[in-house]
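coords.txt follows; it contains compact mmCIF, N, CA and C atoms.
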```
# COMPACT_ATOMS: atom_id res chain seq x y z
N MET A 245 -116.57 18.58 68.53
CA MET A 245 -116.69 18.34 69.94
C MET A 245 -115.65 19.12 70.74
N ASP A 246 -114.69 19.71 70.05
CA ASP A 246 -113.72 20.53 70.75
C ASP A 246 -114.39 21.68 71.47
N ARG A 247 -115.38 22.30 70.84
CA ARG A 247 -116.10 23.44 71.43
C ARG A 247 -116.76 23.04 72.75
N ALA A 248 -117.25 21.79 72.82
CA ALA A 248 -117.93 21.35 74.03
C ALA A 248 -116.95 20.84 75.08
N GLY A 249 -115.67 20.70 74.73
CA GLY A 249 -114.66 20.30 75.69
C GLY A 249 -114.55 18.82 75.93
N VAL A 250 -114.90 18.01 74.96
CA VAL A 250 -114.87 16.57 75.16
C VAL A 250 -113.82 15.88 74.27
N ARG A 251 -112.70 16.52 74.10
CA ARG A 251 -111.63 15.94 73.28
C ARG A 251 -111.16 14.58 73.80
N ARG A 252 -111.24 14.39 75.10
CA ARG A 252 -110.72 13.16 75.67
C ARG A 252 -111.73 12.01 75.61
N VAL A 253 -112.90 12.22 75.06
CA VAL A 253 -113.94 11.21 74.94
C VAL A 253 -113.89 10.62 73.53
N PRO A 254 -113.98 9.28 73.39
CA PRO A 254 -114.02 8.69 72.05
C PRO A 254 -115.17 9.29 71.23
N SER A 255 -114.88 9.62 69.99
CA SER A 255 -115.89 10.29 69.16
C SER A 255 -117.13 9.43 68.97
N TRP A 256 -116.99 8.11 68.92
CA TRP A 256 -118.17 7.26 68.72
C TRP A 256 -119.12 7.36 69.91
N LYS A 257 -118.58 7.54 71.12
CA LYS A 257 -119.44 7.70 72.29
C LYS A 257 -120.21 9.02 72.23
N ALA A 258 -119.50 10.07 71.85
CA ALA A 258 -120.15 11.38 71.73
C ALA A 258 -121.22 11.34 70.64
N ALA A 259 -120.89 10.72 69.51
CA ALA A 259 -121.86 10.63 68.41
C ALA A 259 -123.09 9.83 68.83
N ALA A 260 -122.87 8.75 69.56
CA ALA A 260 -124.01 7.93 70.02
C ALA A 260 -124.89 8.71 71.00
N MET A 261 -124.27 9.46 71.91
CA MET A 261 -125.04 10.21 72.89
C MET A 261 -125.84 11.34 72.22
N LEU A 262 -125.26 11.95 71.20
CA LEU A 262 -125.92 13.08 70.53
C LEU A 262 -126.86 12.65 69.40
N ALA A 263 -126.87 11.37 69.06
CA ALA A 263 -127.65 10.89 67.91
C ALA A 263 -129.12 11.27 68.01
N ARG A 264 -129.71 11.17 69.19
CA ARG A 264 -131.14 11.48 69.30
C ARG A 264 -131.41 12.95 68.99
N TRP A 265 -130.46 13.83 69.31
CA TRP A 265 -130.65 15.26 69.03
C TRP A 265 -130.54 15.51 67.53
N TRP A 266 -129.61 14.83 66.86
CA TRP A 266 -129.47 14.99 65.41
C TRP A 266 -130.71 14.44 64.71
N ARG A 267 -131.19 13.27 65.18
CA ARG A 267 -132.40 12.69 64.57
C ARG A 267 -133.61 13.60 64.76
N ALA A 268 -133.65 14.34 65.85
CA ALA A 268 -134.75 15.27 66.11
C ALA A 268 -134.62 16.54 65.28
N GLY A 269 -133.52 16.67 64.52
CA GLY A 269 -133.35 17.81 63.63
C GLY A 269 -132.64 19.00 64.25
N TRP A 270 -131.98 18.80 65.38
CA TRP A 270 -131.27 19.92 66.01
C TRP A 270 -130.03 20.28 65.20
N SER A 271 -129.67 21.54 65.22
CA SER A 271 -128.43 22.00 64.59
C SER A 271 -127.31 21.94 65.62
N VAL A 272 -126.08 22.01 65.14
CA VAL A 272 -124.93 22.06 66.04
C VAL A 272 -125.03 23.29 66.93
N ALA A 273 -125.38 24.42 66.35
CA ALA A 273 -125.52 25.66 67.13
C ALA A 273 -126.60 25.51 68.21
N GLY A 274 -127.67 24.80 67.89
CA GLY A 274 -128.74 24.58 68.86
C GLY A 274 -128.28 23.72 70.02
N VAL A 275 -127.53 22.66 69.72
CA VAL A 275 -127.02 21.79 70.78
C VAL A 275 -126.06 22.55 71.68
N LEU A 276 -125.16 23.32 71.07
CA LEU A 276 -124.21 24.10 71.87
C LEU A 276 -124.93 25.13 72.75
N TYR A 277 -125.95 25.77 72.20
CA TYR A 277 -126.73 26.72 72.98
C TYR A 277 -127.40 26.00 74.16
N ALA A 278 -127.97 24.82 73.90
CA ALA A 278 -128.66 24.07 74.94
C ALA A 278 -127.70 23.61 76.04
N ILE A 279 -126.46 23.31 75.67
CA ILE A 279 -125.47 22.93 76.67
C ILE A 279 -125.14 24.12 77.56
N ASP A 280 -125.09 25.28 76.98
CA ASP A 280 -124.69 26.50 77.71
C ASP A 280 -125.83 27.20 78.44
N HIS A 281 -127.10 26.88 78.11
CA HIS A 281 -128.25 27.59 78.69
C HIS A 281 -129.31 26.60 79.16
N HIS A 282 -129.99 26.94 80.23
CA HIS A 282 -131.12 26.14 80.71
C HIS A 282 -132.38 26.74 80.10
N PRO A 283 -133.35 25.90 79.67
CA PRO A 283 -134.54 26.46 79.02
C PRO A 283 -135.38 27.36 79.94
N ASP A 284 -135.30 27.14 81.24
CA ASP A 284 -136.08 27.97 82.16
C ASP A 284 -135.37 29.28 82.51
N ARG A 285 -134.08 29.38 82.19
CA ARG A 285 -133.30 30.60 82.45
C ARG A 285 -132.43 30.91 81.21
N PRO A 286 -133.05 31.23 80.09
CA PRO A 286 -132.29 31.42 78.86
C PRO A 286 -131.33 32.61 78.88
N GLY A 287 -131.57 33.56 79.74
CA GLY A 287 -130.71 34.73 79.80
C GLY A 287 -129.42 34.51 80.57
N GLU A 288 -129.32 33.39 81.26
CA GLU A 288 -128.13 33.09 82.06
C GLU A 288 -127.36 31.94 81.43
N THR A 289 -126.04 32.06 81.40
CA THR A 289 -125.25 30.93 80.93
C THR A 289 -124.95 30.01 82.10
N ARG A 290 -124.75 28.76 81.79
CA ARG A 290 -124.54 27.76 82.83
C ARG A 290 -123.08 27.67 83.28
N GLY A 291 -122.19 28.26 82.56
CA GLY A 291 -120.78 28.19 82.93
C GLY A 291 -120.12 26.92 82.42
N ASP A 292 -118.84 26.80 82.65
CA ASP A 292 -118.06 25.69 82.14
C ASP A 292 -117.95 24.60 83.20
N ALA A 293 -118.86 23.65 83.17
CA ALA A 293 -118.83 22.55 84.11
C ALA A 293 -118.10 21.35 83.52
N ILE A 294 -117.75 21.40 82.27
CA ILE A 294 -117.17 20.25 81.58
C ILE A 294 -115.67 20.13 81.84
N ARG A 295 -114.99 21.25 81.98
CA ARG A 295 -113.53 21.23 82.10
C ARG A 295 -113.06 20.30 83.21
N GLY A 296 -113.64 20.35 84.37
CA GLY A 296 -113.20 19.51 85.48
C GLY A 296 -114.02 18.25 85.66
N ALA A 297 -114.94 17.97 84.75
CA ALA A 297 -115.82 16.83 84.91
C ALA A 297 -115.10 15.51 84.66
N ARG A 298 -115.42 14.51 85.48
CA ARG A 298 -114.85 13.18 85.27
C ARG A 298 -115.49 12.52 84.05
N ASP A 299 -116.78 12.79 83.83
CA ASP A 299 -117.50 12.21 82.70
C ASP A 299 -118.19 13.34 81.94
N PRO A 300 -117.48 13.96 81.00
CA PRO A 300 -118.05 15.10 80.28
C PRO A 300 -119.35 14.76 79.55
N LEU A 301 -119.47 13.55 79.02
CA LEU A 301 -120.71 13.19 78.31
C LEU A 301 -121.89 13.14 79.26
N ALA A 302 -121.66 12.74 80.49
CA ALA A 302 -122.75 12.73 81.47
C ALA A 302 -123.21 14.16 81.76
N VAL A 303 -122.27 15.08 81.85
CA VAL A 303 -122.62 16.48 82.08
C VAL A 303 -123.42 17.03 80.89
N ILE A 304 -122.94 16.75 79.68
CA ILE A 304 -123.64 17.21 78.48
C ILE A 304 -125.03 16.58 78.42
N GLY A 305 -125.12 15.28 78.67
CA GLY A 305 -126.41 14.61 78.66
C GLY A 305 -127.37 15.20 79.67
N HIS A 306 -126.87 15.51 80.86
CA HIS A 306 -127.70 16.11 81.90
C HIS A 306 -128.19 17.49 81.47
N ARG A 307 -127.30 18.27 80.90
CA ARG A 307 -127.69 19.62 80.46
C ARG A 307 -128.70 19.57 79.31
N LEU A 308 -128.51 18.63 78.40
CA LEU A 308 -129.44 18.53 77.27
C LEU A 308 -130.79 17.96 77.69
N ALA A 309 -130.81 17.14 78.72
CA ALA A 309 -132.07 16.51 79.17
C ALA A 309 -133.13 17.56 79.49
N ALA A 310 -132.73 18.69 80.01
CA ALA A 310 -133.69 19.75 80.33
C ALA A 310 -134.39 20.27 79.08
N TRP A 311 -133.80 20.07 77.91
CA TRP A 311 -134.36 20.57 76.66
C TRP A 311 -135.23 19.54 75.94
N THR A 312 -135.40 18.36 76.50
CA THR A 312 -136.19 17.32 75.85
C THR A 312 -137.60 17.83 75.57
N GLY A 313 -137.98 17.78 74.29
CA GLY A 313 -139.31 18.24 73.87
C GLY A 313 -139.49 19.74 73.87
N ARG A 314 -138.41 20.47 74.05
CA ARG A 314 -138.52 21.94 74.13
C ARG A 314 -137.71 22.64 73.05
N GLU A 315 -137.41 21.94 71.95
CA GLU A 315 -136.58 22.56 70.91
C GLU A 315 -137.21 23.81 70.32
N GLY A 316 -138.52 23.93 70.42
CA GLY A 316 -139.20 25.13 69.93
C GLY A 316 -138.86 26.38 70.74
N GLU A 317 -138.27 26.18 71.93
CA GLU A 317 -137.90 27.31 72.78
C GLU A 317 -136.50 27.84 72.50
N LEU A 318 -135.77 27.15 71.60
CA LEU A 318 -134.45 27.64 71.22
C LEU A 318 -134.60 28.97 70.49
N PRO A 319 -133.64 29.88 70.63
CA PRO A 319 -133.69 31.11 69.83
C PRO A 319 -133.69 30.76 68.33
N ALA A 320 -134.40 31.53 67.57
CA ALA A 320 -134.53 31.24 66.13
C ALA A 320 -133.17 31.17 65.44
N ALA A 321 -132.21 31.93 65.91
CA ALA A 321 -130.90 31.97 65.27
C ALA A 321 -130.15 30.64 65.37
N VAL A 322 -130.50 29.80 66.34
CA VAL A 322 -129.77 28.53 66.50
C VAL A 322 -130.62 27.32 66.15
N GLN A 323 -131.86 27.54 65.78
CA GLN A 323 -132.69 26.41 65.38
C GLN A 323 -132.26 25.90 64.01
N ALA A 324 -132.42 24.61 63.82
CA ALA A 324 -132.08 24.01 62.53
C ALA A 324 -133.06 24.49 61.47
N VAL A 325 -132.58 24.60 60.26
CA VAL A 325 -133.43 25.02 59.15
C VAL A 325 -133.90 23.77 58.42
N ASP A 326 -135.19 23.66 58.24
CA ASP A 326 -135.78 22.55 57.52
C ASP A 326 -135.22 22.52 56.09
N PRO A 327 -134.84 21.33 55.58
CA PRO A 327 -134.27 21.27 54.22
C PRO A 327 -135.19 21.86 53.15
N ASP A 328 -136.51 21.68 53.30
CA ASP A 328 -137.43 22.27 52.33
C ASP A 328 -137.38 23.79 52.40
N GLU A 329 -137.29 24.33 53.61
CA GLU A 329 -137.18 25.78 53.76
C GLU A 329 -135.87 26.27 53.17
N ARG A 330 -134.80 25.52 53.36
CA ARG A 330 -133.50 25.89 52.78
C ARG A 330 -133.61 25.97 51.26
N ARG A 331 -134.31 25.01 50.64
CA ARG A 331 -134.49 25.04 49.18
C ARG A 331 -135.33 26.24 48.75
N ARG A 332 -136.38 26.57 49.54
CA ARG A 332 -137.21 27.74 49.21
C ARG A 332 -136.39 29.02 49.30
N ARG A 333 -135.53 29.13 50.32
CA ARG A 333 -134.68 30.32 50.46
C ARG A 333 -133.72 30.42 49.29
N ALA A 334 -133.15 29.29 48.88
CA ALA A 334 -132.22 29.30 47.74
C ALA A 334 -132.95 29.72 46.47
N ALA A 335 -134.18 29.26 46.29
CA ALA A 335 -134.95 29.64 45.10
C ALA A 335 -135.26 31.13 45.11
N ARG A 336 -135.62 31.68 46.30
CA ARG A 336 -135.89 33.12 46.39
C ARG A 336 -134.62 33.92 46.09
N LEU A 337 -133.49 33.46 46.60
CA LEU A 337 -132.22 34.14 46.34
C LEU A 337 -131.90 34.11 44.84
N ALA A 338 -132.12 32.96 44.21
CA ALA A 338 -131.87 32.86 42.77
C ALA A 338 -132.77 33.83 42.00
N GLU A 339 -134.01 33.96 42.43
CA GLU A 339 -134.93 34.90 41.77
C GLU A 339 -134.46 36.34 41.96
N GLN A 340 -133.96 36.66 43.16
CA GLN A 340 -133.49 38.02 43.42
C GLN A 340 -132.28 38.35 42.56
N LEU A 341 -131.45 37.36 42.33
CA LEU A 341 -130.21 37.59 41.57
C LEU A 341 -130.42 37.49 40.07
N ASP A 342 -131.51 36.86 39.66
CA ASP A 342 -131.78 36.69 38.24
C ASP A 342 -132.26 38.01 37.65
N GLU A 343 -131.54 38.47 36.66
CA GLU A 343 -131.90 39.74 36.03
C GLU A 343 -132.66 39.48 34.74
N PRO A 344 -133.60 40.38 34.38
CA PRO A 344 -134.35 40.20 33.14
C PRO A 344 -133.41 40.11 31.93
N GLY A 345 -133.75 39.20 31.03
CA GLY A 345 -132.95 39.05 29.81
C GLY A 345 -131.71 38.20 30.00
N GLN A 346 -131.53 37.65 31.15
CA GLN A 346 -130.34 36.84 31.41
C GLN A 346 -130.54 35.46 30.79
N GLU A 347 -129.56 34.96 30.08
CA GLU A 347 -129.68 33.70 29.37
C GLU A 347 -129.69 32.50 30.31
N SER A 348 -128.73 32.41 31.20
CA SER A 348 -128.63 31.23 32.06
C SER A 348 -129.11 31.54 33.47
N ARG A 349 -130.08 30.81 33.93
CA ARG A 349 -130.66 31.04 35.26
C ARG A 349 -129.63 30.72 36.34
N GLY A 350 -129.56 31.58 37.35
CA GLY A 350 -128.66 31.35 38.46
C GLY A 350 -127.27 31.92 38.25
N ARG A 351 -126.91 32.32 37.07
CA ARG A 351 -125.61 32.89 36.80
C ARG A 351 -125.68 34.40 36.98
N ILE A 352 -124.69 34.93 37.65
CA ILE A 352 -124.66 36.38 37.88
C ILE A 352 -123.75 36.98 36.82
N ALA A 353 -124.36 37.64 35.84
CA ALA A 353 -123.61 38.10 34.69
C ALA A 353 -123.18 39.55 34.78
N SER A 354 -123.83 40.33 35.59
CA SER A 354 -123.52 41.75 35.61
C SER A 354 -122.78 42.14 36.88
N ALA A 355 -122.13 43.29 36.84
CA ALA A 355 -121.44 43.80 38.02
C ALA A 355 -122.43 44.07 39.14
N ALA A 356 -123.61 44.58 38.79
CA ALA A 356 -124.63 44.86 39.81
C ALA A 356 -125.09 43.57 40.48
N GLY A 357 -125.24 42.51 39.69
CA GLY A 357 -125.64 41.22 40.25
C GLY A 357 -124.57 40.64 41.16
N ARG A 358 -123.31 40.76 40.74
CA ARG A 358 -122.21 40.27 41.58
C ARG A 358 -122.15 41.05 42.89
N GLN A 359 -122.35 42.37 42.84
CA GLN A 359 -122.34 43.18 44.05
C GLN A 359 -123.49 42.79 44.98
N GLN A 360 -124.66 42.54 44.41
CA GLN A 360 -125.80 42.13 45.21
C GLN A 360 -125.52 40.78 45.87
N ALA A 361 -124.89 39.88 45.15
CA ALA A 361 -124.54 38.58 45.73
C ALA A 361 -123.56 38.75 46.88
N ARG A 362 -122.55 39.62 46.72
CA ARG A 362 -121.60 39.88 47.79
C ARG A 362 -122.30 40.41 49.04
N GLU A 363 -123.24 41.34 48.85
CA GLU A 363 -123.95 41.92 49.98
C GLU A 363 -124.82 40.88 50.69
N LEU A 364 -125.50 40.03 49.92
CA LEU A 364 -126.32 38.99 50.52
C LEU A 364 -125.46 37.98 51.26
N PHE A 365 -124.31 37.64 50.69
CA PHE A 365 -123.39 36.71 51.35
C PHE A 365 -122.88 37.30 52.66
N ALA A 366 -122.49 38.57 52.64
CA ALA A 366 -122.00 39.23 53.85
C ALA A 366 -123.09 39.29 54.91
N MET A 367 -124.32 39.56 54.50
CA MET A 367 -125.44 39.61 55.44
C MET A 367 -125.66 38.22 56.07
N ALA A 368 -125.56 37.17 55.28
CA ALA A 368 -125.73 35.81 55.80
C ALA A 368 -124.61 35.46 56.78
N ARG A 369 -123.38 35.88 56.49
CA ARG A 369 -122.26 35.61 57.39
C ARG A 369 -122.45 36.33 58.71
N ARG A 370 -122.92 37.58 58.66
CA ARG A 370 -123.16 38.33 59.90
C ARG A 370 -124.25 37.65 60.72
N ALA A 371 -125.30 37.16 60.07
CA ALA A 371 -126.39 36.49 60.78
C ALA A 371 -125.89 35.22 61.45
N ARG A 372 -125.03 34.47 60.76
CA ARG A 372 -124.46 33.26 61.36
C ARG A 372 -123.56 33.60 62.53
N GLY A 373 -122.80 34.67 62.41
CA GLY A 373 -121.90 35.09 63.49
C GLY A 373 -122.68 35.51 64.73
N ALA A 374 -123.82 36.14 64.53
CA ALA A 374 -124.64 36.57 65.66
C ALA A 374 -125.27 35.38 66.36
N ALA A 375 -125.49 34.30 65.62
CA ALA A 375 -126.11 33.10 66.19
C ALA A 375 -125.13 32.32 67.04
N ALA A 376 -123.85 32.44 66.76
CA ALA A 376 -122.85 31.63 67.48
C ALA A 376 -122.51 32.18 68.81
```
What is this structure when it is put down as structure tokens?
Amino acid sequence: MDRAGVRRVPSWKAAAMLARWWRAGWSVAGVLYAIDHHPDRPGETRGDAIRGARDPLAVIGHRLAAWTGREGELPAAVQAVDPDERRRRAARLAEQLDEPGQESRGRIASAAGRQQARELFAMARRARGAAA
């Protein structure tokens, strides 16, 4: 909650206010994006209205309200990943790293496999950085 500027708000209040968004499957990146952008003007940032706010949770709630039922309009980079999709991606990655003749599945035994894993990890980190 430091990123959203609500350090002075009890964490249980913030958690309670955000609970509906978590239950709906939103990611932290998606909530932060929604706080900073209006769905009708995604190219414009809303600015920092929280710093001087008397009730930061009310400001956050107001900003998020515009996104009710519109989570599909979030940029793909900040949308939450379905757990089943996450498992499918992990399985595909394991298949990519699995080399023929390898005894233990999922273990990277060769230098080429380790290098490929490093490259995939770096690519994933860059993708996460671009989403933030």
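Closest approach to Ile304 (chain A) among A:Ala324, A:Ala366, A:Ala355, A:Ala258 is made by A:Ala258 (distances from only C-alpha atoms).
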State, in Å with one decimal place, the distance from atom C of Ala297 (chain A) to atom N of Val253 (chain A). 10.4 Å
Would you please give, as a ChimeraX atom specification, all residues of region 277-363 of chain A that DSSP assigns to helix (DSSP H, G or I) based on the backbone? /A:277-280,300-309,315-317,320-322,327-341,355-363
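For the pair atom N of Trp256 (chain A) and atom N of His306 (chain A), the separation is 17.2 Å.
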So that all listed atoms of region 252-260 of chain A fit with 5 Å spare on each side, what axis-aligned box centre and edge lengths in Å, to one decimal, would you give as lines of an AutoDock Vina configuration file?
```
center_x = -117.8
center_y = 10.8
center_z = 72.0
size_x = 24.2
size_y = 17.1
size_z = 17.3
```
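The space separating atom C of Met367 (chain A) from atom N of Arg331 (chain A) comes to 16.7 Å.
Between Trp311 (chain A) and the residues A:Asp326, A:Glu363, A:Asp284, A:Glu339, the shortest atom-to-atom distance, using only N, CA and C atoms, involves A:Asp284.
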Excluding same-chain residues fewer than 3 positions from Gly291 (chain A), what lies within 10 Å of it counting only C-alpha atoms, as a count of residues only? 5
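Checking A:Gln360, A:Ala273, A:Ala278, A:Leu337 one by one against Ala321 (chain A), counting only C-alpha atoms, you find the shortest gap at A:Ala273.
With distances restricted to only C-alpha atoms, A:Pro319 is the closest residue to Gly287 (chain A) from A:Gly357, A:Arg267, A:Pro319, A:Val275.
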